[in-house]
file start.txt (compact mmCIF, C-alpha atoms and all ligand atoms)
# COMPACT_ATOMS: atom_id res chain seq x y z
CA MET A 1 -107.88 -3.43 48.17
CA LYS A 2 -104.17 -4.19 48.36
CA ARG A 3 -103.19 -7.64 47.12
CA HIS A 4 -101.21 -10.01 49.32
CA PRO A 5 -97.67 -10.17 47.83
CA ALA A 6 -98.02 -13.91 47.21
CA LEU A 7 -101.00 -13.29 44.94
CA ILE A 8 -99.49 -10.49 42.89
CA PRO A 9 -98.11 -12.75 40.11
CA LEU A 10 -101.63 -14.10 39.62
CA SER A 11 -103.11 -10.59 39.61
CA ARG A 12 -100.57 -9.58 36.97
CA ASP A 13 -101.70 -12.54 34.87
CA HIS A 14 -105.26 -11.28 35.34
CA HIS A 15 -104.26 -8.00 33.78
CA ASP A 16 -103.02 -9.87 30.68
CA GLY A 17 -106.26 -11.83 30.68
CA LEU A 18 -108.39 -8.68 30.73
CA VAL A 19 -106.47 -7.39 27.71
CA GLN A 20 -107.27 -10.65 25.90
CA ALA A 21 -110.92 -10.46 26.91
CA LEU A 22 -111.21 -6.94 25.57
CA ARG A 23 -109.62 -7.95 22.25
CA LEU A 24 -112.03 -10.85 21.88
CA ARG A 25 -115.07 -8.69 22.54
CA ARG A 26 -113.88 -5.91 20.24
CA ALA A 27 -113.24 -8.36 17.41
CA ALA A 28 -116.65 -9.95 18.04
CA ALA A 29 -118.46 -6.61 17.98
CA GLY A 30 -116.73 -4.75 15.16
CA GLY A 31 -114.25 -7.02 13.46
CA ASP A 32 -114.60 -8.66 10.08
CA ALA A 33 -113.97 -12.37 9.51
CA SER A 34 -110.19 -11.98 9.37
CA ALA A 35 -110.11 -9.84 12.53
CA ARG A 36 -112.16 -12.49 14.33
CA LEU A 37 -109.80 -15.19 13.15
CA ALA A 38 -106.77 -13.19 14.33
CA ALA A 39 -108.29 -12.51 17.75
CA ALA A 40 -109.24 -16.16 18.17
CA ARG A 41 -105.77 -17.31 17.14
CA GLU A 42 -104.20 -14.94 19.65
CA PHE A 43 -106.49 -16.17 22.40
CA VAL A 44 -105.69 -19.82 21.65
CA GLU A 45 -101.97 -19.04 21.90
CA PHE A 46 -102.44 -17.00 25.05
CA PHE A 47 -104.34 -19.90 26.55
CA ARG A 48 -101.73 -22.44 25.58
CA ASN A 49 -98.71 -20.38 26.65
CA GLU A 50 -99.91 -18.44 29.68
CA GLU A 51 -103.40 -19.23 30.88
CA ARG A 52 -102.83 -22.96 31.37
CA VAL A 53 -99.94 -22.27 33.77
CA HIS A 54 -102.13 -19.75 35.57
CA LEU A 55 -105.09 -22.12 35.92
CA ARG A 56 -102.81 -24.89 37.13
CA ASP A 57 -101.30 -22.59 39.77
CA GLU A 58 -104.78 -21.75 40.99
CA GLU A 59 -106.17 -25.29 40.88
CA GLU A 60 -103.18 -27.11 42.33
CA GLU A 61 -101.60 -24.54 44.64
CA LEU A 62 -103.95 -21.75 45.60
CA PHE A 63 -107.40 -23.33 45.82
CA PRO A 64 -106.26 -26.25 48.03
CA LEU A 65 -104.90 -23.68 50.51
CA LEU A 66 -108.32 -22.10 50.81
CA LEU A 67 -110.02 -25.48 51.09
CA ARG A 68 -107.96 -26.25 54.17
CA HIS A 69 -109.60 -23.36 55.98
CA VAL A 70 -113.26 -23.81 55.12
CA ARG A 71 -115.78 -26.48 56.01
CA SER A 72 -117.45 -26.49 52.65
CA GLN A 73 -116.51 -25.08 49.30
CA PRO A 74 -117.36 -21.34 49.22
CA ALA A 75 -119.63 -20.23 46.36
CA PRO A 76 -117.01 -18.03 44.62
CA LEU A 77 -114.57 -20.96 44.57
CA ARG A 78 -117.18 -23.32 43.14
CA GLU A 79 -118.06 -20.78 40.47
CA ALA A 80 -114.41 -20.12 39.60
CA ARG A 81 -113.75 -23.84 39.12
CA VAL A 82 -116.76 -24.22 36.85
CA GLN A 83 -115.51 -21.24 34.85
CA HIS A 84 -112.08 -22.85 34.49
CA VAL A 85 -113.71 -25.83 32.80
CA GLN A 86 -115.78 -23.52 30.61
CA LEU A 87 -112.68 -21.53 29.63
CA GLU A 88 -110.93 -24.75 28.63
CA GLY A 89 -113.99 -25.53 26.51
CA PHE A 90 -113.82 -22.17 24.73
CA ALA A 91 -110.09 -22.56 24.11
CA ARG A 92 -110.78 -25.93 22.50
CA LYS A 93 -113.72 -24.64 20.49
CA LEU A 94 -111.79 -21.63 19.22
CA ASP A 95 -108.77 -23.78 18.42
CA ILE A 96 -111.00 -25.90 16.19
CA ALA A 97 -112.61 -22.80 14.64
CA VAL A 98 -109.18 -21.31 13.87
CA ALA A 99 -108.10 -24.56 12.24
CA ALA A 100 -111.29 -24.51 10.17
CA GLY A 101 -110.66 -20.86 9.23
CA ALA A 102 -113.95 -19.40 10.50
CA VAL A 103 -114.81 -17.93 13.89
CA ASP A 104 -118.34 -16.80 14.70
CA ARG A 105 -119.12 -13.63 16.63
CA GLU A 106 -121.16 -15.34 19.32
CA THR A 107 -118.41 -17.72 20.40
CA LEU A 108 -115.79 -14.98 20.38
CA ASP A 109 -117.98 -12.66 22.44
CA ALA A 110 -118.98 -15.37 24.89
CA ALA A 111 -115.34 -16.37 25.43
CA GLY A 112 -114.36 -12.74 26.11
CA GLU A 113 -117.30 -12.22 28.42
CA LEU A 114 -116.53 -15.37 30.40
CA LEU A 115 -112.84 -14.56 30.74
CA GLU A 116 -113.62 -11.08 32.00
CA ALA A 117 -116.32 -12.28 34.39
CA HIS A 118 -113.97 -14.95 35.73
CA ILE A 119 -111.16 -12.49 36.43
CA ARG A 120 -113.56 -10.06 38.10
CA LEU A 121 -114.91 -12.86 40.28
CA GLU A 122 -111.43 -13.84 41.41
CA GLU A 123 -110.21 -10.30 41.98
CA ARG A 124 -113.36 -9.03 43.70
CA GLN A 125 -114.56 -12.07 45.63
CA LEU A 126 -112.28 -15.07 45.66
CA PHE A 127 -108.89 -13.46 46.29
CA PRO A 128 -110.27 -11.24 49.08
CA LEU A 129 -111.78 -14.35 50.66
CA ILE A 130 -108.43 -16.16 50.43
CA GLU A 131 -106.64 -13.18 51.97
CA GLU A 132 -109.16 -13.19 54.77
CA LEU A 133 -109.15 -16.91 55.56
CA VAL A 134 -105.66 -18.20 54.74
CA PRO A 135 -103.00 -17.19 57.28
CA ASP A 136 -100.20 -14.97 56.02
CA ASP A 137 -97.40 -17.54 56.52
CA GLU A 138 -99.27 -20.13 54.44
CA LEU A 139 -99.86 -17.66 51.65
CA ARG A 140 -96.17 -16.80 51.67
CA ARG A 141 -95.28 -20.43 51.05
CA LEU A 142 -97.50 -20.55 47.99
CA GLY A 143 -95.55 -22.45 45.32
CA LEU A 144 -96.47 -20.74 42.08
CA ALA A 145 -94.69 -21.59 38.85
CA ASP A 146 -91.68 -19.34 38.39
CA ARG A 147 -92.90 -16.59 36.03
CA ASP A 148 -89.37 -15.89 34.74
CA ALA A 149 -88.49 -19.54 34.21
CA THR A 150 -91.70 -20.17 32.34
CA CYS A 151 -91.32 -16.96 30.37
CA ALA A 152 -89.82 -18.74 27.36
CA VAL A 153 -92.86 -20.97 27.27
CA ARG A 154 -95.34 -18.26 28.16
CA ARG A 155 -94.02 -15.75 25.64
CA PRO A 156 -92.28 -17.68 22.90
CA PRO A 157 -89.73 -15.62 20.97
CA LEU A 158 -90.74 -14.67 17.47
CA THR A 159 -88.96 -16.87 14.99
CA SER A 160 -87.84 -15.68 11.55
FE FE B 201 -109.04 -18.68 37.66
FE FE B 202 -107.07 -16.35 37.88

call {"tool": "encode", "arguments": {"input": "start.txt", "output": "structure tokens"}}
result
Amino acid sequence: MKRHPALIPLSRDHHDGLVQALRLRRAAAGGDASARLAAAREFVEFFRNEERVHLRDEEEELFPLLLRHVRSQPAPLREARVQHVQLEGFARKLDIAVAAGAVDRETLDAAGELLEAHIRLEERQLFPLIEELVPDDELRRLGLADRDATCAVRRPPLTS
């Protein structure tokens, strides 16, 4: 299904997220301790630099739009919000594991699985629901963070 133009920046972020999820699961399945550490470190940075902006856009801009057009919170929205909290939890847990220098397979795999499941839920259920229920002119006024302006934060230049 074709994405509404207003949601395309978020769908692009989802693509980056799926790449991260795949890396986590690969490192969990076949990587040695140093590969797991590297994948976890990359995820923590991805979360800090990109995913937080994305989650904030969804929580503060997109989800309230949908809530204006429903009587009660739809199941996919409820599930997505729970997953946001769980993702924050994994980012914290992996941050601590990276600092300690050891990342276990189970946590890495579970984080990758959750991230992938979350993106699939949004792309397959939640975004289609939003496109169906939120009028076009409201979606067009969606105030997402400027992807170019936040680029320096989202993708910090390599120093040295
Ligand atoms: Fe989300
Ligand atoms: Fe998302």

call {"tool": "atom_distance", "arguments": {"input": "start.txt", "atom1": "atom FE of ligand FE 202 (chain B)", "atom2": "CA of Gly17 in chain A"}}
result
8.5 Å

call {"tool": "residues_around", "arguments": {"input": "start.txt", "residues": "Gly89 in chain A", "least_positions_apart": "2", "cutoff": "12 Å", "atoms": "all atoms listed in the file", "output": "PyMOL selection string"}}
result
chain A and resi 44+47+82-87+91-96+107+110-111+114-115

call {"tool": "residues_near_ligand", "arguments": {"input": "start.txt", "ligand": "ligand FE 202 (chain B)", "cutoff": "12 Å", "atoms": "all atoms listed in the file", "output": "PDB file with C-alpha atoms, in the coordinates of the input"}}
result
ATOM      1  CA  LEU A   7    -101.000 -13.290  44.940  1.00  0.00           C
ATOM      2  CA  ILE A   8     -99.490 -10.490  42.890  1.00  0.00           C
ATOM      3  CA  PRO A   9     -98.110 -12.750  40.110  1.00  0.00           C
ATOM      4  CA  LEU A  10    -101.630 -14.100  39.620  1.00  0.00           C
ATOM      5  CA  SER A  11    -103.110 -10.590  39.610  1.00  0.00           C
ATOM      6  CA  ARG A  12    -100.570  -9.580  36.970  1.00  0.00           C
ATOM      7  CA  ASP A  13    -101.700 -12.540  34.870  1.00  0.00           C
ATOM      8  CA  HIS A  14    -105.260 -11.280  35.340  1.00  0.00           C
ATOM      9  CA  HIS A  15    -104.260  -8.000  33.780  1.00  0.00           C
ATOM     10  CA  ASP A  16    -103.020  -9.870  30.680  1.00  0.00           C
ATOM     11  CA  GLY A  17    -106.260 -11.830  30.680  1.00  0.00           C
ATOM     12  CA  LEU A  18    -108.390  -8.680  30.730  1.00  0.00           C
ATOM     13  CA  GLU A  50     -99.910 -18.440  29.680  1.00  0.00           C
ATOM     14  CA  GLU A  51    -103.400 -19.230  30.880  1.00  0.00           C
ATOM     15  CA  ARG A  52    -102.830 -22.960  31.370  1.00  0.00           C
ATOM     16  CA  VAL A  53     -99.940 -22.270  33.770  1.00  0.00           C
ATOM     17  CA  HIS A  54    -102.130 -19.750  35.570  1.00  0.00           C
ATOM     18  CA  LEU A  55    -105.090 -22.120  35.920  1.00  0.00           C
ATOM     19  CA  ARG A  56    -102.810 -24.890  37.130  1.00  0.00           C
ATOM     20  CA  ASP A  57    -101.300 -22.590  39.770  1.00  0.00           C
ATOM     21  CA  GLU A  58    -104.780 -21.750  40.990  1.00  0.00           C
ATOM     22  CA  GLU A  59    -106.170 -25.290  40.880  1.00  0.00           C
ATOM     23  CA  GLU A  61    -101.600 -24.540  44.640  1.00  0.00           C
ATOM     24  CA  LEU A  62    -103.950 -21.750  45.600  1.00  0.00           C
ATOM     25  CA  PHE A  63    -107.400 -23.330  45.820  1.00  0.00           C
ATOM     26  CA  LEU A  77    -114.570 -20.960  44.570  1.00  0.00           C
ATOM     27  CA  ALA A  80    -114.410 -20.120  39.600  1.00  0.00           C
ATOM     28  CA  ARG A  81    -113.750 -23.840  39.120  1.00  0.00           C
ATOM     29  CA  GLN A  83    -115.510 -21.240  34.850  1.00  0.00           C
ATOM     30  CA  HIS A  84    -112.080 -22.850  34.490  1.00  0.00           C
ATOM     31  CA  LEU A  87    -112.680 -21.530  29.630  1.00  0.00           C
ATOM     32  CA  LEU A 115    -112.840 -14.560  30.740  1.00  0.00           C
ATOM     33  CA  GLU A 116    -113.620 -11.080  32.000  1.00  0.00           C
ATOM     34  CA  ALA A 117    -116.320 -12.280  34.390  1.00  0.00           C
ATOM     35  CA  HIS A 118    -113.970 -14.950  35.730  1.00  0.00           C
ATOM     36  CA  ILE A 119    -111.160 -12.490  36.430  1.00  0.00           C
ATOM     37  CA  ARG A 120    -113.560 -10.060  38.100  1.00  0.00           C
ATOM     38  CA  LEU A 121    -114.910 -12.860  40.280  1.00  0.00           C
ATOM     39  CA  GLU A 122    -111.430 -13.840  41.410  1.00  0.00           C
ATOM     40  CA  GLU A 123    -110.210 -10.300  41.980  1.00  0.00           C
ATOM     41  CA  ARG A 124    -113.360  -9.030  43.700  1.00  0.00           C
ATOM     42  CA  GLN A 125    -114.560 -12.070  45.630  1.00  0.00           C
ATOM     43  CA  LEU A 126    -112.280 -15.070  45.660  1.00  0.00           C
ATOM     44  CA  PHE A 127    -108.890 -13.460  46.290  1.00  0.00           C
TER      45      PHE A 127
END

call {"tool": "closest_residue", "arguments": {"input": "start.txt", "among": "A:Ala39, A:Leu24, A:Leu65, A:Ala99", "to": "Gly143 in chain A", "atoms": "only C-alpha atoms"}}
result
A:Leu65

call {"tool": "atom_distance", "arguments": {"input": "start.txt", "atom1": "CA of Arg78 in chain A", "atom2": "CA of Pro64 in chain A"}}
result
12.3 Å

call {"tool": "closest_residue", "arguments": {"input": "start.txt", "among": "A:Glu60, A:Glu42, A:Glu88, A:Glu131", "to": "Arg23 in chain A", "atoms": "only C-alpha atoms"}}
result
A:Glu42

call {"tool": "residues_near_point", "arguments": {"input": "start.txt", "point": "(-112.7, -11.3, 14.8)", "cutoff": "10 Å", "atoms": "all atoms listed in the file", "output": "ChimeraX atom specification"}}
result
/A:23-41,102-105,108-109

call {"tool": "residues_around", "arguments": {"input": "start.txt", "residues": "Leu66 in chain A", "least_positions_apart": "6", "cutoff": "8 Å", "atoms": "all atoms listed in the file", "output": "PDB file with C-alpha atoms, in the frame of the given file"}}
result
ATOM      1  CA  ILE A 130    -108.430 -16.160  50.430  1.00  0.00           C
ATOM      2  CA  LEU A 133    -109.150 -16.910  55.560  1.00  0.00           C
ATOM      3  CA  VAL A 134    -105.660 -18.200  54.740  1.00  0.00           C
TER       4      VAL A 134
END

call {"tool": "closest_residue", "arguments": {"input": "start.txt", "among": "A:Leu67, A:Gly101, A:Glu79, A:Leu129", "to": "ligand FE 201 (chain B)", "atoms": "only C-alpha atoms and all ligand atoms"}}
result
A:Glu79

call {"tool": "closest_residue", "arguments": {"input": "start.txt", "among": "A:Pro76, A:Phe43, A:Arg140, A:Pro128", "to": "Lys2 in chain A", "atoms": "only C-alpha atoms"}}
result
A:Pro128

call {"tool": "atom_distance", "arguments": {"input": "start.txt", "atom1": "CA of Pro74 in chain A", "atom2": "CA of Val19 in chain A"}}
result
27.9 Å
